[in-house]
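J.: Questions regarding the structure given below will be posed in turn.
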Amino acid sequence: MGLKTVMTEHSLFGFADVGSIMGNKSLGYTSVFTNHLICVSHTCKENVVLRGKINPSKVSVIPNAVISEDFKPAE
């Protein structure tokens, strides 16, 4: 179809337990059909690259950020 796809990853799964193994296999299969992945932290990116055996150039980091100075109690 020629559509480009982007996937966002938020989780930090491990490597050893059954759930993580299945999740990692799923990540690897899904990434084949994804043009680019977005992670919410550098740690998440490192984890995704290792778990899914994904080329790091295919993964970007866009942090979940809150500027605390913008959120102050009402006076």
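Convention: chains lettered A, B, ... in structure tokens order; per-chain residue numbering from 1; ligands numbered from 1 as shown.
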Quick check for you: according to DSSP on this backbone, which residues of segment 4-59 of chain A are classed as strand (DSSP E)? Reply as a list in words.
T.: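 Secondary structure check on segment 4-59 of chain A, strand (DSSP E): Val6, Met7, Thr8, Glu9, His36, Leu37, Ile38, Cys39 and Val59 of chain A.
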J.: Would you output that residue set with N, CA and C atoms, as a compact mmCIF listing (two decimals), in the first residue's frame?
T.:
# COMPACT_ATOMS: atom_id res chain seq x y z
N VAL A 6 4.73 4.46 11.89
CA VAL A 6 5.57 4.81 13.04
C VAL A 6 4.97 4.12 14.25
N MET A 7 5.84 3.57 15.09
CA MET A 7 5.40 2.90 16.31
C MET A 7 6.04 3.60 17.50
N THR A 8 5.29 3.78 18.57
CA THR A 8 5.83 4.38 19.79
C THR A 8 5.94 3.31 20.86
N GLU A 9 7.11 3.24 21.49
CA GLU A 9 7.38 2.25 22.54
C GLU A 9 7.56 2.97 23.86
N HIS A 36 9.64 3.53 11.27
CA HIS A 36 10.42 4.19 12.31
C HIS A 36 9.78 3.94 13.66
N LEU A 37 10.60 3.88 14.69
CA LEU A 37 10.11 3.71 16.06
C LEU A 37 10.47 4.94 16.88
N ILE A 38 9.58 5.31 17.79
CA ILE A 38 9.82 6.41 18.71
C ILE A 38 9.81 5.84 20.12
N CYS A 39 10.83 6.19 20.89
CA CYS A 39 10.90 5.78 22.29
C CYS A 39 10.82 7.02 23.17
N VAL A 59 15.38 4.23 15.19
CA VAL A 59 14.72 4.57 16.45
C VAL A 59 15.10 5.99 16.88
J.: Neighbours of Thr43 of chain A within 10 Å (only C-alpha atoms; same-chain residues fewer than 4 positions away dropped), as a list in words?
T.: Ser11, Leu12, Cys39, Asn47, Val48, Val49 and Val61 of chain A
J.: For segment 28-33 of chain A, please output as an MDAnalysis selection string all residues within 7 Å (counting only C-alpha atoms; exclusion window: fewer than 3 positions along the same chain).
T.: chainID A and resid 24:25 52:53
J.: As a ChimeraX atom specification, please: every residue in segment 5-59 of chain A that DSSP puts in helix (DSSP H, G or I).
T.: /A:18-32,42-52,56-58
J.: Just give me the gap between atom CA of Ile67 of chain A and atom CA of Phe13 of chain A in Å, one decimal is fine.
T.: 27.3 Å
J.: So what do you get for atom CA of Thr5 of chain A versus atom CA of Ser60 of chain A, distance-wise?
T.: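 These two atoms are separated by 13.7 Å.
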J.: Could you jot down the atom CA of Lys58 of chain A to atom CA of Lys45 of chain A separation for me, Å, one decimal place?
T.: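 Taking atom CA of Lys58 of chain A as the start and atom CA of Lys45 of chain A as the end point, the length is 10.1 Å.
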J.: Using only C-alpha atoms, pick whichever of A:Asn35, A:His10, A:Val40, A:Gly2 has the shortest atom-to-atom distance to Ser57 of chain A.
T.: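 Of A:Asn35, A:His10, A:Val40, A:Gly2, the one nearest Ser57 of chain A is A:Asn35, counting only C-alpha atoms.
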